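Structure file data_5.cif (mmCIF, C-alpha atoms and all ligand atoms) follows.
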data_final
loop_
_atom_site.group_PDB
_atom_site.id
_atom_site.type_symbol
_atom_site.label_atom_id
_atom_site.label_comp_id
_atom_site.auth_asym_id
_atom_site.auth_seq_id
_atom_site.Cartn_x
_atom_site.Cartn_y
_atom_site.Cartn_z
ATOM 1 C CA MET A 1 -11.976 13.463 17.510
ATOM 2 C CA THR A 2 -9.925 12.523 14.444
ATOM 3 C CA ASP A 3 -7.394 15.187 15.496
ATOM 4 C CA MET A 4 -6.121 12.644 18.034
ATOM 5 C CA ILE A 5 -4.896 10.555 15.112
ATOM 6 C CA GLN A 6 -2.669 12.438 12.708
ATOM 7 C CA SER A 7 -1.044 11.545 9.416
ATOM 8 C CA VAL A 8 2.576 10.513 8.969
ATOM 9 C CA PRO A 9 3.957 11.030 6.460
ATOM 10 C CA GLN A 10 1.776 13.908 5.427
ATOM 11 C CA PRO A 11 -0.671 12.565 2.867
ATOM 12 C CA PRO A 12 -0.474 13.912 -0.666
ATOM 13 C CA THR A 13 -2.997 16.568 -1.576
ATOM 14 C CA ASP A 14 -3.575 15.449 -5.162
ATOM 15 C CA GLY A 15 -6.563 13.251 -4.368
ATOM 16 C CA SER A 16 -4.545 10.065 -3.904
ATOM 17 C CA ASP A 17 -4.900 10.554 -0.158
ATOM 18 C CA LYS A 18 -8.598 9.586 -0.315
ATOM 19 C CA LEU A 19 -8.066 5.918 0.577
ATOM 20 C CA TYR A 20 -5.537 6.845 3.281
ATOM 21 C CA ASN A 21 -8.012 9.251 4.861
ATOM 22 C CA GLU A 22 -10.835 6.696 4.638
ATOM 23 C CA ARG A 23 -8.681 4.148 6.449
ATOM 24 C CA ARG A 24 -7.683 6.668 9.116
ATOM 25 C CA ASP A 25 -11.371 7.432 9.665
ATOM 26 C CA ARG A 26 -12.112 3.687 9.763
ATOM 27 C CA ILE A 27 -9.600 2.980 12.541
ATOM 28 C CA VAL A 28 -11.039 5.864 14.583
ATOM 29 C CA GLU A 29 -14.539 4.471 14.042
ATOM 30 C CA PHE A 30 -13.354 0.964 15.001
ATOM 31 C CA LEU A 31 -11.573 2.111 18.170
ATOM 32 C CA THR A 32 -14.555 4.227 19.178
ATOM 33 C CA LYS A 33 -16.914 1.273 18.648
ATOM 34 C CA LYS A 34 -14.674 -0.906 20.834
ATOM 35 C CA GLY A 35 -14.439 1.734 23.571
ATOM 36 C CA LEU A 36 -10.718 2.217 22.956
ATOM 37 C CA PHE A 37 -10.673 5.783 21.622
ATOM 38 C CA PRO A 38 -8.648 7.821 22.331
ATOM 39 C CA LEU A 39 -6.153 5.001 22.372
ATOM 40 C CA LYS A 40 -3.941 4.820 25.463
ATOM 41 C CA CYS A 41 -0.388 3.838 24.567
ATOM 42 C CA ALA A 42 0.403 0.257 25.586
ATOM 43 C CA CYS A 43 4.011 1.232 26.324
ATOM 44 C CA CYS A 44 4.140 4.708 27.953
ATOM 45 C CA LYS A 45 0.501 4.599 29.118
ATOM 46 C CA THR A 46 -0.255 8.153 27.954
ATOM 47 C CA SER A 47 -3.173 9.184 25.769
ATOM 48 C CA SER A 48 -0.790 11.001 23.454
ATOM 49 C CA GLN A 49 -1.618 11.826 19.882
ATOM 50 C CA MET A 50 -1.259 8.836 17.565
ATOM 51 C CA PHE A 51 0.028 8.866 14.001
ATOM 52 C CA PHE A 52 -1.698 6.652 11.437
ATOM 53 C CA LEU A 53 0.973 4.886 9.376
ATOM 54 C CA GLY A 54 0.406 4.518 5.662
ATOM 55 C CA HIS A 55 0.752 6.347 2.372
ATOM 56 C CA LYS A 56 -1.754 6.682 -0.488
ATOM 57 C CA ASP A 57 -3.159 3.139 -0.990
ATOM 58 C CA MET A 58 -0.415 1.467 1.084
ATOM 59 C CA LEU A 59 -1.089 -0.060 4.473
ATOM 60 C CA THR A 60 1.420 -1.399 6.966
ATOM 61 C CA VAL A 61 1.755 -5.175 7.121
ATOM 62 C CA THR A 62 2.779 -7.866 9.551
ATOM 63 C CA PRO A 63 5.182 -10.170 7.679
ATOM 64 C CA LEU A 64 4.315 -13.854 7.733
ATOM 65 C CA SER A 65 6.991 -15.428 5.575
ATOM 66 C CA LYS A 66 10.221 -14.686 3.753
ATOM 67 C CA ASN A 67 8.490 -15.112 0.393
ATOM 68 C CA GLY A 68 6.272 -12.080 0.814
ATOM 69 C CA MET A 69 3.170 -13.364 2.564
ATOM 70 C CA TYR A 70 1.781 -10.929 5.089
ATOM 71 C CA TYR A 71 -1.225 -9.820 7.093
ATOM 72 C CA PRO A 72 -2.415 -6.295 6.247
ATOM 73 C CA SER A 73 -2.736 -4.110 9.310
ATOM 74 C CA TYR A 74 -3.727 -0.708 10.580
ATOM 75 C CA ALA A 75 -0.857 0.753 12.590
ATOM 76 C CA LEU A 76 -0.778 3.724 14.941
ATOM 77 C CA ALA A 77 2.453 5.167 16.362
ATOM 78 C CA CYS A 78 2.505 6.944 19.723
ATOM 79 C CA SER A 79 3.789 10.527 19.359
ATOM 80 C CA ASN A 80 5.326 10.376 22.844
ATOM 81 C CA CYS A 81 7.388 7.169 22.753
ATOM 82 C CA GLY A 82 7.051 5.850 19.182
ATOM 83 C CA PHE A 83 5.524 2.524 20.148
ATOM 84 C CA ILE A 84 3.554 1.082 17.218
ATOM 85 C CA HIS A 85 0.143 -0.430 17.822
ATOM 86 C CA SER A 86 -0.893 -2.810 15.051
ATOM 87 C CA PHE A 87 -4.443 -4.018 14.381
ATOM 88 C CA HIS A 88 -5.367 -6.832 11.976
ATOM 89 C CA ALA A 89 -7.029 -5.222 8.955
ATOM 90 C CA SER A 90 -9.845 -7.752 8.607
ATOM 91 C CA VAL A 91 -10.860 -7.238 12.222
ATOM 92 C CA VAL A 92 -10.855 -3.450 11.791
ATOM 93 C CA GLU A 93 -12.785 -3.647 8.525
ATOM 94 C CA ASN A 94 -15.326 -6.232 9.677
ATOM 95 C CA GLY A 95 -15.493 -5.464 13.384
HETATM 96 ZN ZN ZN B 1 3.723 5.824 24.023
#

Please rewrite the model in this file as structure tokens.
Amino acid sequence: MTDMIQSVPQPPTDGSDKLYNERRDRIVEFLTKKGLFPLKCACCKTSSQMFFLGHKDMLTVTPLSKNGMYYPSYALACSNCGFIHSFHASVVENG
């Protein structure tokens, strides 16, 4: 099932991709638990392959202020239309 959610950019293969891969697995687990997997795109309405956005230990964020405050998020981009679906990290990690 994780083949529905691919990696972009390609994760490094030197071991530093471990956290990235764990997070990708976590979002799949979360979406499955919520009955949302495979995720249907909110924009084009297809069940296209999604790309998990991140790199090594870096997650996407939702900016909160100009001085650098943010909410960490798990983001998936639709491979058909590019629409980005963003999920609050604490909900994914505790849900
Ligand atoms: Zn789409």

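Of the residues under consideration (A:Cys43, A:Ala75, A:Leu64, A:Leu53), A:Cys43 shows the shortest atom-to-atom contact distance to ligand ZN 1 (chain B) when counting only C-alpha atoms and all ligand atoms.
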
*Return as JSON, numbers by chain the set of residues that the PyMOL selection byres (((not hetatm)) within 6 of (chain B and resi 1)) yields on the displayed structure.*
{"A": [41, 43, 44, 78, 80, 81, 82, 83]}

Write the residues of the selection above to a file with C-alpha atoms, as a PDB file, keeping the file's coordinate frame.
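What ended up in selection.pdb:
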ATOM      1  CA  CYS A  41      -0.388   3.838  24.567  1.00  0.00           C
ATOM      2  CA  CYS A  43       4.011   1.232  26.324  1.00  0.00           C
ATOM      3  CA  CYS A  44       4.140   4.708  27.953  1.00  0.00           C
ATOM      4  CA  CYS A  78       2.505   6.944  19.723  1.00  0.00           C
ATOM      5  CA  ASN A  80       5.326  10.376  22.844  1.00  0.00           C
ATOM      6  CA  CYS A  81       7.388   7.169  22.753  1.00  0.00           C
ATOM      7  CA  GLY A  82       7.051   5.850  19.182  1.00  0.00           C
ATOM      8  CA  PHE A  83       5.524   2.524  20.148  1.00  0.00           C
TER       9      PHE A  83
END

Put a box with edges along x, y and z around all the listed atoms of range 78-87 of chain A, pad it by 3 Å on each side, then give me its centre and sizes in Å, one decimal, as JSON.
{"center_x": 1.5, "center_y": 3.3, "center_z": 18.6, "size_x": 17.8, "size_y": 20.5, "size_z": 14.5}

Would you pick out the contacts of Ala42 in chain A at 12 Å or less, using all atoms listed in the file, so that residues sharing its chain but fewer than 3 positions from it are not included, and give the list as a CSV table (one decimal) with C-alpha atoms, in the frame of the given file?
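Okay, result-v1.csv is ready:
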chain,number,residue,atom,x,y,z
A,36,LEU,CA,-10.7,2.2,23.0
A,39,LEU,CA,-6.2,5.0,22.4
A,45,LYS,CA,0.5,4.6,29.1
A,46,THR,CA,-0.3,8.2,28.0
A,47,SER,CA,-3.2,9.2,25.8
A,48,SER,CA,-0.8,11.0,23.5
A,50,MET,CA,-1.3,8.8,17.6
A,76,LEU,CA,-0.8,3.7,14.9
A,77,ALA,CA,2.5,5.2,16.4
A,78,CYS,CA,2.5,6.9,19.7
A,80,ASN,CA,5.3,10.4,22.8
A,81,CYS,CA,7.4,7.2,22.8
A,82,GLY,CA,7.1,5.8,19.2
A,83,PHE,CA,5.5,2.5,20.1
A,84,ILE,CA,3.6,1.1,17.2
A,85,HIS,CA,0.1,-0.4,17.8
A,86,SER,CA,-0.9,-2.8,15.1

*From the list A:Leu19, A:Val92, A:Met69, A:Ile27, which residue is nearest Lys56 in chain A when using only C-alpha atoms?*
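Looking at the shortest contact to Lys56 in chain A, the residue is A:Leu19.
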
*Looking at A:Asp14, A:Tyr74, A:Phe30, A:Ser65, which one is nearest to Phe52 in chain A, with distances taken over all atoms listed in the file?*
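For Phe52 in chain A, the nearest of the candidates is A:Tyr74.
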
*Which of these residues is nearest to Tyr70 in chain A, using all atoms listed in the file: A:His88, A:Gln6, A:Thr32, A:His55?*
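Distance minimum relative to Tyr70 in chain A lands on A:His88.
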
_I'd like the interatomic distance between CA of Phe51 in chain A and CA of Ser79 in chain A, to a tenth of an Å._
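About the pair CA of Phe51 in chain A and CA of Ser79 in chain A: they are 6.8 Å apart.
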
*Distance CA of Arg24 in chain A-CA of Gln49 in chain A, one decimal place?*
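Going from CA of Arg24 in chain A over to CA of Gln49 in chain A, I get 13.4 Å.
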
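Across the structure, CA of Asn21 in chain A and CA of Asn67 in chain A are spaced 29.8 Å apart.
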
_From A:Val91, A:Ser73, A:Lys66, A:Leu59, residue lying nearest Lys34 in chain A [all atoms listed in the file]_ = A:Val91

*Tell me which of A:Leu31, A:Asp17, A:Lys40, A:Asp57 sits closest to Phe87 in chain A, counting only C-alpha atoms.*
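Nearest candidate to Phe87 in chain A out of A:Leu31, A:Asp17, A:Lys40, A:Asp57: A:Leu31.
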